[in-house]
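Enquirer: Have a peek at start_33.cif (mmCIF, C-alpha atoms).
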```cif
data_run
loop_
_atom_site.label_atom_id
_atom_site.label_comp_id
_atom_site.auth_asym_id
_atom_site.auth_seq_id
_atom_site.Cartn_x
_atom_site.Cartn_y
_atom_site.Cartn_z
CA MET N 151 0.00 0.00 0.00
CA PRO N 152 2.09 2.98 -1.19
CA LEU N 153 1.62 6.24 0.71
CA TRP N 154 2.33 9.60 -0.88
CA ASN N 155 2.39 12.57 1.46
CA PRO N 156 3.61 15.53 -0.63
CA TRP N 157 3.08 17.83 2.37
CA ARG N 158 2.31 17.40 6.02
CA GLY N 159 0.43 19.41 8.63
CA CYS N 160 -3.23 20.30 8.89
CA ARG N 161 -5.75 22.39 10.81
CA ARG N 162 -8.92 21.19 12.44
CA ARG N 163 -11.93 21.80 10.22
CA SER N 164 -14.96 20.47 12.11
CA GLU N 165 -16.11 18.32 15.03
CA GLY N 166 -14.73 15.17 13.45
CA CYS N 167 -11.21 16.59 13.81
CA ARG N 168 -11.27 16.87 17.62
CA PHE N 169 -9.13 13.78 18.23
CA CYS N 170 -7.39 13.70 14.84
CA TYR N 171 -4.59 11.13 14.64
CA ILE N 172 -2.35 13.61 12.79
CA HIS N 173 -2.52 16.16 15.62
CA LYS N 174 -2.09 13.50 18.31
CA GLY N 175 0.93 11.96 16.59
CA ASP N 176 2.56 15.34 16.03
CA ALA N 177 1.98 16.37 19.65
CA LYS N 178 3.90 13.31 20.83
CA ARG N 179 6.82 14.31 18.62
CA GLY N 180 6.71 18.00 19.51
CA ILE N 181 5.67 19.02 15.97
CA ASP N 182 3.39 21.98 15.24
CA THR N 183 0.65 20.46 13.08
CA ASN N 184 -0.58 23.92 12.06
CA LEU N 185 2.56 24.40 9.95
CA ILE N 186 1.93 22.93 6.49
CA VAL N 187 5.22 22.08 4.79
CA LYS N 188 6.39 20.15 1.74
CA THR N 189 7.95 16.79 2.47
CA GLU N 190 11.06 15.14 1.10
CA GLY N 191 8.76 12.69 -0.64
CA PHE N 192 6.97 15.39 -2.63
CA ASP N 193 7.84 13.82 -5.99
CA ALA N 194 7.65 10.17 -4.88
CA PRO N 195 5.42 8.88 -7.73
CA VAL N 196 7.81 9.99 -10.45
CA ARG N 197 11.11 9.01 -8.85
CA LYS N 198 13.04 6.46 -10.87
CA LYS N 199 15.55 3.72 -10.33
CA LYS N 200 18.95 3.74 -12.02
CA ASN N 201 17.51 1.57 -14.81
CA GLY N 202 14.89 4.22 -15.59
CA GLU N 203 11.92 2.36 -14.12
CA TYR N 204 9.66 4.11 -11.65
CA LYS N 205 10.39 3.23 -8.04
CA MET N 206 6.66 3.11 -7.42
CA GLY N 207 5.58 0.15 -9.52
CA PRO N 208 2.50 0.29 -11.79
CA GLY N 209 -0.96 -1.04 -11.00
CA GLN N 210 -1.05 0.06 -7.37
CA THR N 211 -3.46 2.23 -5.39
CA VAL N 212 -1.57 5.13 -3.87
CA TYR N 213 -2.97 6.62 -0.66
CA LEU N 214 -2.45 10.35 -1.09
CA CYS N 215 -2.06 13.05 1.55
CA PHE N 216 -2.94 11.03 4.64
CA SER N 217 -0.85 13.41 6.79
CA SER N 218 -2.87 16.44 5.69
CA ASP N 219 -5.82 17.39 3.46
CA PHE N 220 -5.14 17.50 -0.28
CA PHE N 221 -7.40 20.54 -0.63
CA ILE N 222 -5.94 22.54 2.27
CA GLU N 223 -5.44 26.19 1.39
CA ASP N 224 -1.76 26.32 2.34
CA ALA N 225 -0.87 23.83 -0.40
CA ASP N 226 -2.47 25.75 -3.27
CA GLU N 227 0.93 26.64 -4.78
CA TRP N 228 2.09 23.00 -4.80
CA ARG N 229 -1.06 21.15 -5.90
CA ALA N 230 -0.70 21.77 -9.65
CA GLU N 231 2.58 19.88 -9.66
CA CYS N 232 0.91 16.98 -7.88
CA TRP N 233 -1.85 16.84 -10.50
CA SER N 234 0.88 16.80 -13.15
CA MET N 235 2.51 13.79 -11.50
CA MET N 236 -0.86 12.01 -11.35
CA ARG N 237 -1.33 12.63 -15.05
CA GLU N 238 2.13 11.24 -15.75
CA ARG N 239 1.44 8.16 -13.61
CA SER N 240 -1.79 7.11 -15.28
CA ASP N 241 -0.73 3.54 -14.48
CA LEU N 242 -1.38 4.23 -10.77
CA HIS N 243 -4.65 4.92 -8.97
CA PHE N 244 -4.61 7.76 -6.45
CA LEU N 245 -7.02 7.98 -3.52
CA PHE N 246 -7.38 10.87 -1.12
CA LEU N 247 -9.90 12.00 1.52
CA THR N 248 -11.00 15.56 2.20
CA LYS N 249 -13.08 17.58 4.62
CA ARG N 250 -12.68 20.55 2.26
CA ILE N 251 -14.84 19.47 -0.66
CA ASP N 252 -16.19 23.04 -0.73
CA ARG N 253 -12.81 23.97 -2.24
CA PHE N 254 -13.15 21.42 -5.03
CA TYR N 255 -13.58 23.89 -7.89
CA ASP N 256 -10.68 26.02 -6.63
CA CYS N 257 -8.35 23.02 -6.49
CA ILE N 258 -8.91 20.95 -9.65
CA PRO N 259 -6.59 21.36 -12.67
CA PRO N 260 -7.68 23.06 -15.92
CA ASP N 261 -7.93 19.74 -17.78
CA TRP N 262 -9.99 17.98 -15.10
CA GLY N 263 -13.11 17.77 -17.29
CA ASP N 264 -15.34 15.03 -15.91
CA GLY N 265 -12.54 13.91 -13.63
CA TYR N 266 -9.33 11.92 -13.86
CA PRO N 267 -10.09 8.20 -14.25
CA ASN N 268 -7.15 7.28 -11.99
CA VAL N 269 -8.29 9.38 -9.00
CA THR N 270 -10.77 8.51 -6.25
CA ILE N 271 -11.96 11.28 -3.94
CA GLY N 272 -13.41 10.41 -0.55
CA CYS N 273 -15.59 13.03 1.12
CA THR N 274 -15.45 12.76 4.91
CA VAL N 275 -18.50 13.53 7.08
CA GLU N 276 -19.21 12.98 10.77
CA ASN N 277 -22.72 14.26 11.53
CA GLN N 278 -25.86 15.37 9.71
CA GLU N 279 -24.71 18.96 9.42
CA THR N 280 -21.46 18.09 7.64
CA ALA N 281 -23.20 15.40 5.57
CA ASP N 282 -25.80 17.80 4.21
CA TYR N 283 -23.29 20.57 3.53
CA ARG N 284 -20.41 18.59 2.07
CA LEU N 285 -22.35 15.89 0.25
CA SER N 286 -24.64 18.39 -1.46
CA ILE N 287 -21.48 19.74 -3.13
CA PHE N 288 -19.90 16.32 -3.61
CA LYS N 289 -22.86 14.73 -5.40
CA ASP N 290 -22.80 17.28 -8.22
CA ALA N 291 -19.04 17.56 -8.61
CA PRO N 292 -17.48 16.00 -11.75
CA ILE N 293 -15.66 13.03 -10.21
CA VAL N 294 -15.16 9.63 -11.84
CA HIS N 295 -14.63 7.65 -8.63
CA ARG N 296 -16.16 8.83 -5.35
CA ASN N 297 -16.41 7.42 -1.82
CA ILE N 298 -18.14 8.70 1.32
CA ILE N 299 -16.24 8.30 4.58
CA CYS N 300 -18.41 8.48 7.71
CA GLN N 301 -15.57 8.42 10.20
CA PRO N 302 -15.63 9.26 12.98
CA LEU N 303 -19.40 8.84 12.95
CA LEU N 304 -20.77 10.97 15.79
CA GLU N 305 -24.53 10.55 15.39
CA ARG N 306 -27.19 8.83 13.31
CA ILE N 307 -27.17 10.35 9.84
CA THR N 308 -29.06 10.08 6.58
CA ILE N 309 -26.95 9.93 3.43
CA ALA N 310 -29.44 8.21 1.10
CA PRO N 311 -30.05 11.38 -0.99
CA TYR N 312 -26.34 11.55 -1.81
CA LEU N 313 -25.52 7.98 -2.81
CA ASP N 314 -25.92 8.29 -6.58
CA LYS N 315 -22.60 7.47 -8.33
CA VAL N 316 -20.91 6.66 -5.00
CA GLU N 317 -18.76 3.53 -5.19
CA LEU N 318 -18.14 2.91 -1.50
CA VAL N 319 -19.29 4.11 1.92
CA VAL N 320 -16.95 3.54 4.86
CA VAL N 321 -18.12 3.86 8.47
CA GLY N 322 -15.98 3.98 11.59
CA GLY N 323 -15.85 5.23 15.15
CA GLU N 324 -13.55 7.54 17.03
CA SER N 325 -10.24 6.34 18.44
CA ASP N 326 -9.28 8.12 21.66
CA THR N 327 -9.48 7.67 25.42
CA ASN N 328 -12.09 10.46 25.40
CA ALA N 329 -13.81 9.22 22.25
CA ARG N 330 -17.42 10.12 21.67
CA VAL N 331 -19.90 7.29 21.40
CA LEU N 332 -20.39 5.19 18.29
CA ASP N 333 -23.73 3.39 18.46
CA TYR N 334 -23.85 0.20 16.39
CA SER N 335 -27.43 0.97 15.39
CA TRP N 336 -26.15 4.04 13.52
CA VAL N 337 -23.75 1.81 11.58
CA LEU N 338 -26.51 -0.62 10.66
CA ASP N 339 -28.74 2.25 9.59
CA ILE N 340 -26.12 3.49 7.10
CA ARG N 341 -25.61 -0.07 5.91
CA GLU N 342 -29.35 -0.32 5.20
CA GLN N 343 -29.25 2.93 3.21
CA CYS N 344 -26.31 1.61 1.18
CA THR N 345 -27.80 -1.82 0.48
CA ALA N 346 -31.07 -0.22 -0.64
CA ALA N 347 -29.06 1.82 -3.16
CA LYS N 348 -26.71 -1.10 -3.98
CA VAL N 349 -23.67 0.89 -2.87
CA ASN N 350 -20.69 -0.95 -1.41
CA PHE N 351 -20.45 -0.63 2.37
CA GLU N 352 -17.58 -1.27 4.80
CA PHE N 353 -17.56 -1.09 8.59
CA ARG N 354 -13.93 -0.06 9.04
CA GLN N 355 -13.57 0.22 12.81
CA CYS N 356 -15.53 0.31 16.05
CA GLY N 357 -15.16 3.28 18.35
CA THR N 358 -13.18 3.26 21.57
CA ASN N 359 -16.48 4.17 23.24
CA PHE N 360 -18.87 1.71 21.60
CA VAL N 361 -22.54 0.98 22.22
CA LYS N 362 -24.29 -2.13 20.97
CA ASP N 363 -27.83 -3.15 21.94
CA GLY N 364 -27.80 -0.55 24.71
CA LYS N 365 -24.62 -1.91 26.32
CA HIS N 366 -21.47 0.22 26.59
CA TYR N 367 -18.05 -1.16 25.73
CA ARG N 368 -14.60 0.39 26.19
CA LEU N 369 -12.37 -1.06 23.48
CA ASN N 370 -8.62 -0.90 23.13
CA VAL N 371 -7.39 0.94 20.06
CA GLY N 372 -5.77 -2.24 18.76
CA MET N 373 -9.14 -4.00 18.74
CA LEU N 374 -11.18 -1.47 16.80
CA CYS N 375 -10.60 -2.81 13.29
CA SER N 376 -10.65 -6.50 14.21
CA GLN N 377 -13.92 -6.13 16.11
CA ALA N 378 -15.48 -4.36 13.14
CA ARG N 379 -14.40 -7.23 10.87
CA LYS N 380 -15.95 -9.74 13.28
CA ALA N 381 -19.31 -8.02 12.81
CA ASN N 382 -19.16 -9.32 9.22
CA ILE N 383 -21.59 -6.72 7.88
CA ASP N 384 -19.61 -5.42 4.87
CA ALA N 385 -21.68 -5.44 1.69
CA HIS N 386 -20.27 -5.45 -1.84
CA PHE N 387 -22.30 -5.20 -5.01
CA SER N 388 -19.60 -4.66 -7.67
#
```
Could you take the file, read its structure, and then write that structure out as structure tokens?

Expert:
Amino acid sequence: MPLWNPWRGCRRRSEGCRFCYIHKGDAKRGIDTNLIVKTEGFDAPVRKKKNGEYKMGPGQTVYLCFSSDFFIEDADEWRAECWSMMRERSDLHFLFLTKRIDRFYDCIPPDWGDGYPNVTIGCTVENQETADYRLSIFKDAPIVHRNIICQPLLERITIAPYLDKVELVVVGGESDTNARVLDYSWVLDIREQCTAAKVNFEFRQCGTNFVKDGKHYRLNVGMLCSQARKANIDAHFS
């Protein structure tokens, strides 16, 4: 799973960012997350070996900008070069998540058209307010491959009106000692919305503070993904 972080650093955008893993990790290392800087790996997708082959082999999905937000304002001067590298590496598929989908039209390249076929954009939402605001923009944006990421899910939400052309919905809870509750019934409700629309659904992780059938559980961080897999409720239609 190749990672490409052309810059690092971010700023909290909404309630879902309260216990952001980027900020927590930086705090442990004494790094100011609010400083957005280019990384040494800025040009990673186009770096080559001595024999002229790309170091990042073809046919892979590249997870882009997971130490920041690809649409963050501070990176506006660098983003065009990243789009250029994605065009050059049409043999790779790039996936990034954003809480700044309202900046979509300010951030896409001039030749975007209906979207790059080798790019998946995931719009992240955490409650009904962010779902209605962000997804109303997302659903009409010209994007070839689109996912909805409901993580951390902080309340029961309705996303059914926004599922047209969505390829995957991911749901997960919050990971922190002070995590807000994830109620399993909310997860099942989104799953029902997705199955009705025949949209792929994945339960990615439980929350540290997890409620199922009215019973509270405190889960260790290392258990969150494995417990979600044990639920065996993922649904795939294509």

Enquirer: In Å, with one decimal, what is the gap from atom CA of Cys356 of chain N to atom CA of Ile287 of chain N?

Expert: 27.9 Å

Enquirer: Evaluated on this file, the PyMOL selection byres ((chain N and resi 309) around 9) picks out some residues - which ones are they, written as a PyMOL selection string?

Expert: chain N and resi 278+281-282+285+307-308+310-313+340+343-344

Enquirer: Hey, could you make a per-residue contact list for segment 290-375 of chain N against segment 173-190 of chain N with 12 Å as the cut-off, showing the nearest pair of atoms and its distance in Å to one decimal, counting all atoms listed in the file, sorted by chain and number, as CSV?

Expert:
```
residue,atom,partner,partner_atom,distance
N:Ser325,CA,N:Lys174,CA,10.8
N:Asp326,CA,N:Lys174,CA,9.6
N:Thr327,CA,N:Lys174,CA,11.8
```

Enquirer: Name the residues that the PyMOL selection byres ((chain N and resi 254) around 10) pulls out of this structure, and write them as a count of residues only.

Expert: 14

Enquirer: As an exercise, work out the distance from atom CA of Lys249 of chain N to atom CA of Gly191 of chain N in Å and give it to one decimal place.

Expert: 23.0 Å

Enquirer: Restore all heavy atoms in segment 225-236 of chain N and list the result as a PDB file, in the frame of the given file.

Expert:
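And here's part.pdb as it stands now:
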```pdb
ATOM      1  N   ALA N 225      -1.575  24.609   0.627  1.00  0.00           N
ATOM      2  CA  ALA N 225      -0.870  23.830  -0.400  1.00  0.00           C
ATOM      3  C   ALA N 225      -1.272  24.251  -1.815  1.00  0.00           C
ATOM      4  O   ALA N 225      -0.896  23.582  -2.782  1.00  0.00           O
ATOM      5  CB  ALA N 225      -1.135  22.346  -0.198  1.00  0.00           C
ATOM      6  N   ASP N 226      -1.984  25.353  -1.949  1.00  0.00           N
ATOM      7  CA  ASP N 226      -2.470  25.750  -3.270  1.00  0.00           C
ATOM      8  C   ASP N 226      -1.327  25.913  -4.285  1.00  0.00           C
ATOM      9  O   ASP N 226      -1.478  25.589  -5.467  1.00  0.00           O
ATOM     10  CB  ASP N 226      -3.264  27.056  -3.180  1.00  0.00           C
ATOM     11  CG  ASP N 226      -4.660  26.855  -2.603  1.00  0.00           C
ATOM     12  OD1 ASP N 226      -5.067  25.690  -2.409  1.00  0.00           O
ATOM     13  OD2 ASP N 226      -5.340  27.863  -2.337  1.00  0.00           O
ATOM     14  N   GLU N 227      -0.184  26.404  -3.852  1.00  0.00           N
ATOM     15  CA  GLU N 227       0.930  26.640  -4.780  1.00  0.00           C
ATOM     16  C   GLU N 227       1.618  25.357  -5.216  1.00  0.00           C
ATOM     17  O   GLU N 227       2.349  25.351  -6.200  1.00  0.00           O
ATOM     18  CB  GLU N 227       1.947  27.595  -4.150  1.00  0.00           C
ATOM     19  CG  GLU N 227       2.629  27.043  -2.919  1.00  0.00           C
ATOM     20  CD  GLU N 227       3.641  28.021  -2.343  1.00  0.00           C
ATOM     21  OE1 GLU N 227       4.579  28.402  -3.087  1.00  0.00           O
ATOM     22  OE2 GLU N 227       3.500  28.400  -1.165  1.00  0.00           O
ATOM     23  N   TRP N 228       1.407  24.264  -4.490  1.00  0.00           N
ATOM     24  CA  TRP N 228       2.090  23.000  -4.800  1.00  0.00           C
ATOM     25  C   TRP N 228       1.194  21.994  -5.526  1.00  0.00           C
ATOM     26  O   TRP N 228       1.675  21.060  -6.138  1.00  0.00           O
ATOM     27  CB  TRP N 228       2.572  22.330  -3.504  1.00  0.00           C
ATOM     28  CG  TRP N 228       3.374  23.210  -2.613  1.00  0.00           C
ATOM     29  CD1 TRP N 228       4.306  24.137  -3.003  1.00  0.00           C
ATOM     30  CD2 TRP N 228       3.329  23.264  -1.182  1.00  0.00           C
ATOM     31  NE1 TRP N 228       4.844  24.760  -1.900  1.00  0.00           N
ATOM     32  CE2 TRP N 228       4.274  24.235  -0.765  1.00  0.00           C
ATOM     33  CE3 TRP N 228       2.604  22.571  -0.209  1.00  0.00           C
ATOM     34  CZ2 TRP N 228       4.483  24.548   0.578  1.00  0.00           C
ATOM     35  CZ3 TRP N 228       2.822  22.865   1.127  1.00  0.00           C
ATOM     36  CH2 TRP N 228       3.738  23.844   1.511  1.00  0.00           C
ATOM     37  N   ARG N 229      -0.118  22.196  -5.451  1.00  0.00           N
ATOM     38  CA  ARG N 229      -1.060  21.150  -5.900  1.00  0.00           C
ATOM     39  C   ARG N 229      -0.977  20.902  -7.409  1.00  0.00           C
ATOM     40  O   ARG N 229      -1.124  19.762  -7.868  1.00  0.00           O
ATOM     41  CB  ARG N 229      -2.484  21.520  -5.498  1.00  0.00           C
ATOM     42  CG  ARG N 229      -3.468  20.362  -5.572  1.00  0.00           C
ATOM     43  CD  ARG N 229      -4.836  20.753  -5.044  1.00  0.00           C
ATOM     44  NE  ARG N 229      -4.765  21.160  -3.655  1.00  0.00           N
ATOM     45  CZ  ARG N 229      -4.828  22.423  -3.233  1.00  0.00           C
ATOM     46  NH1 ARG N 229      -4.960  23.420  -4.118  1.00  0.00           N
ATOM     47  NH2 ARG N 229      -4.744  22.707  -1.956  1.00  0.00           N
ATOM     48  N   ALA N 230      -0.759  21.939  -8.198  1.00  0.00           N
ATOM     49  CA  ALA N 230      -0.700  21.770  -9.650  1.00  0.00           C
ATOM     50  C   ALA N 230       0.379  20.767 -10.046  1.00  0.00           C
ATOM     51  O   ALA N 230       0.190  19.953 -10.964  1.00  0.00           O
ATOM     52  CB  ALA N 230      -0.469  23.112 -10.335  1.00  0.00           C
ATOM     53  N   GLU N 231       1.508  20.821  -9.357  1.00  0.00           N
ATOM     54  CA  GLU N 231       2.580  19.880  -9.660  1.00  0.00           C
ATOM     55  C   GLU N 231       2.177  18.447  -9.306  1.00  0.00           C
ATOM     56  O   GLU N 231       2.555  17.497  -9.993  1.00  0.00           O
ATOM     57  CB  GLU N 231       3.854  20.285  -8.913  1.00  0.00           C
ATOM     58  CG  GLU N 231       5.099  19.552  -9.377  1.00  0.00           C
ATOM     59  CD  GLU N 231       6.370  20.086  -8.755  1.00  0.00           C
ATOM     60  OE1 GLU N 231       6.338  21.169  -8.118  1.00  0.00           O
ATOM     61  OE2 GLU N 231       7.415  19.422  -8.911  1.00  0.00           O
ATOM     62  N   CYS N 232       1.404  18.315  -8.248  1.00  0.00           N
ATOM     63  CA  CYS N 232       0.910  16.980  -7.880  1.00  0.00           C
ATOM     64  C   CYS N 232      -0.045  16.439  -8.941  1.00  0.00           C
ATOM     65  O   CYS N 232       0.022  15.267  -9.320  1.00  0.00           O
ATOM     66  CB  CYS N 232       0.216  17.025  -6.521  1.00  0.00           C
ATOM     67  SG  CYS N 232       1.334  17.288  -5.148  1.00  0.00           S
ATOM     68  N   TRP N 233      -0.958  17.286  -9.421  1.00  0.00           N
ATOM     69  CA  TRP N 233      -1.850  16.840 -10.500  1.00  0.00           C
ATOM     70  C   TRP N 233      -1.037  16.400 -11.721  1.00  0.00           C
ATOM     71  O   TRP N 233      -1.376  15.420 -12.382  1.00  0.00           O
ATOM     72  CB  TRP N 233      -2.803  17.969 -10.896  1.00  0.00           C
ATOM     73  CG  TRP N 233      -3.887  18.326  -9.924  1.00  0.00           C
ATOM     74  CD1 TRP N 233      -4.162  19.561  -9.413  1.00  0.00           C
ATOM     75  CD2 TRP N 233      -4.886  17.448  -9.377  1.00  0.00           C
ATOM     76  NE1 TRP N 233      -5.240  19.520  -8.575  1.00  0.00           N
ATOM     77  CE2 TRP N 233      -5.717  18.228  -8.536  1.00  0.00           C
ATOM     78  CE3 TRP N 233      -5.157  16.086  -9.509  1.00  0.00           C
ATOM     79  CZ2 TRP N 233      -6.796  17.699  -7.837  1.00  0.00           C
ATOM     80  CZ3 TRP N 233      -6.224  15.538  -8.809  1.00  0.00           C
ATOM     81  CH2 TRP N 233      -7.036  16.335  -7.988  1.00  0.00           C
ATOM     82  N   SER N 234       0.028  17.144 -12.009  1.00  0.00           N
ATOM     83  CA  SER N 234       0.880  16.800 -13.150  1.00  0.00           C
ATOM     84  C   SER N 234       1.494  15.411 -12.973  1.00  0.00           C
ATOM     85  O   SER N 234       1.566  14.614 -13.921  1.00  0.00           O
ATOM     86  CB  SER N 234       1.969  17.854 -13.321  1.00  0.00           C
ATOM     87  OG  SER N 234       2.842  17.514 -14.378  1.00  0.00           O
ATOM     88  N   MET N 235       1.933  15.108 -11.759  1.00  0.00           N
ATOM     89  CA  MET N 235       2.510  13.790 -11.500  1.00  0.00           C
ATOM     90  C   MET N 235       1.446  12.696 -11.622  1.00  0.00           C
ATOM     91  O   MET N 235       1.719  11.588 -12.105  1.00  0.00           O
ATOM     92  CB  MET N 235       3.163  13.764 -10.116  1.00  0.00           C
ATOM     93  CG  MET N 235       4.478  14.521 -10.060  1.00  0.00           C
ATOM     94  SD  MET N 235       5.325  14.373  -8.466  1.00  0.00           S
ATOM     95  CE  MET N 235       4.593  15.739  -7.564  1.00  0.00           C
ATOM     96  N   MET N 236       0.225  12.999 -11.214  1.00  0.00           N
ATOM     97  CA  MET N 236      -0.860  12.010 -11.350  1.00  0.00           C
ATOM     98  C   MET N 236      -1.208  11.761 -12.812  1.00  0.00           C
ATOM     99  O   MET N 236      -1.523  10.642 -13.200  1.00  0.00           O
ATOM    100  CB  MET N 236      -2.085  12.465 -10.556  1.00  0.00           C
ATOM    101  CG  MET N 236      -1.932  12.292  -9.053  1.00  0.00           C
ATOM    102  SD  MET N 236      -3.455  12.682  -8.141  1.00  0.00           S
ATOM    103  CE  MET N 236      -3.054  14.308  -7.526  1.00  0.00           C
TER     104      MET N 236
END
```
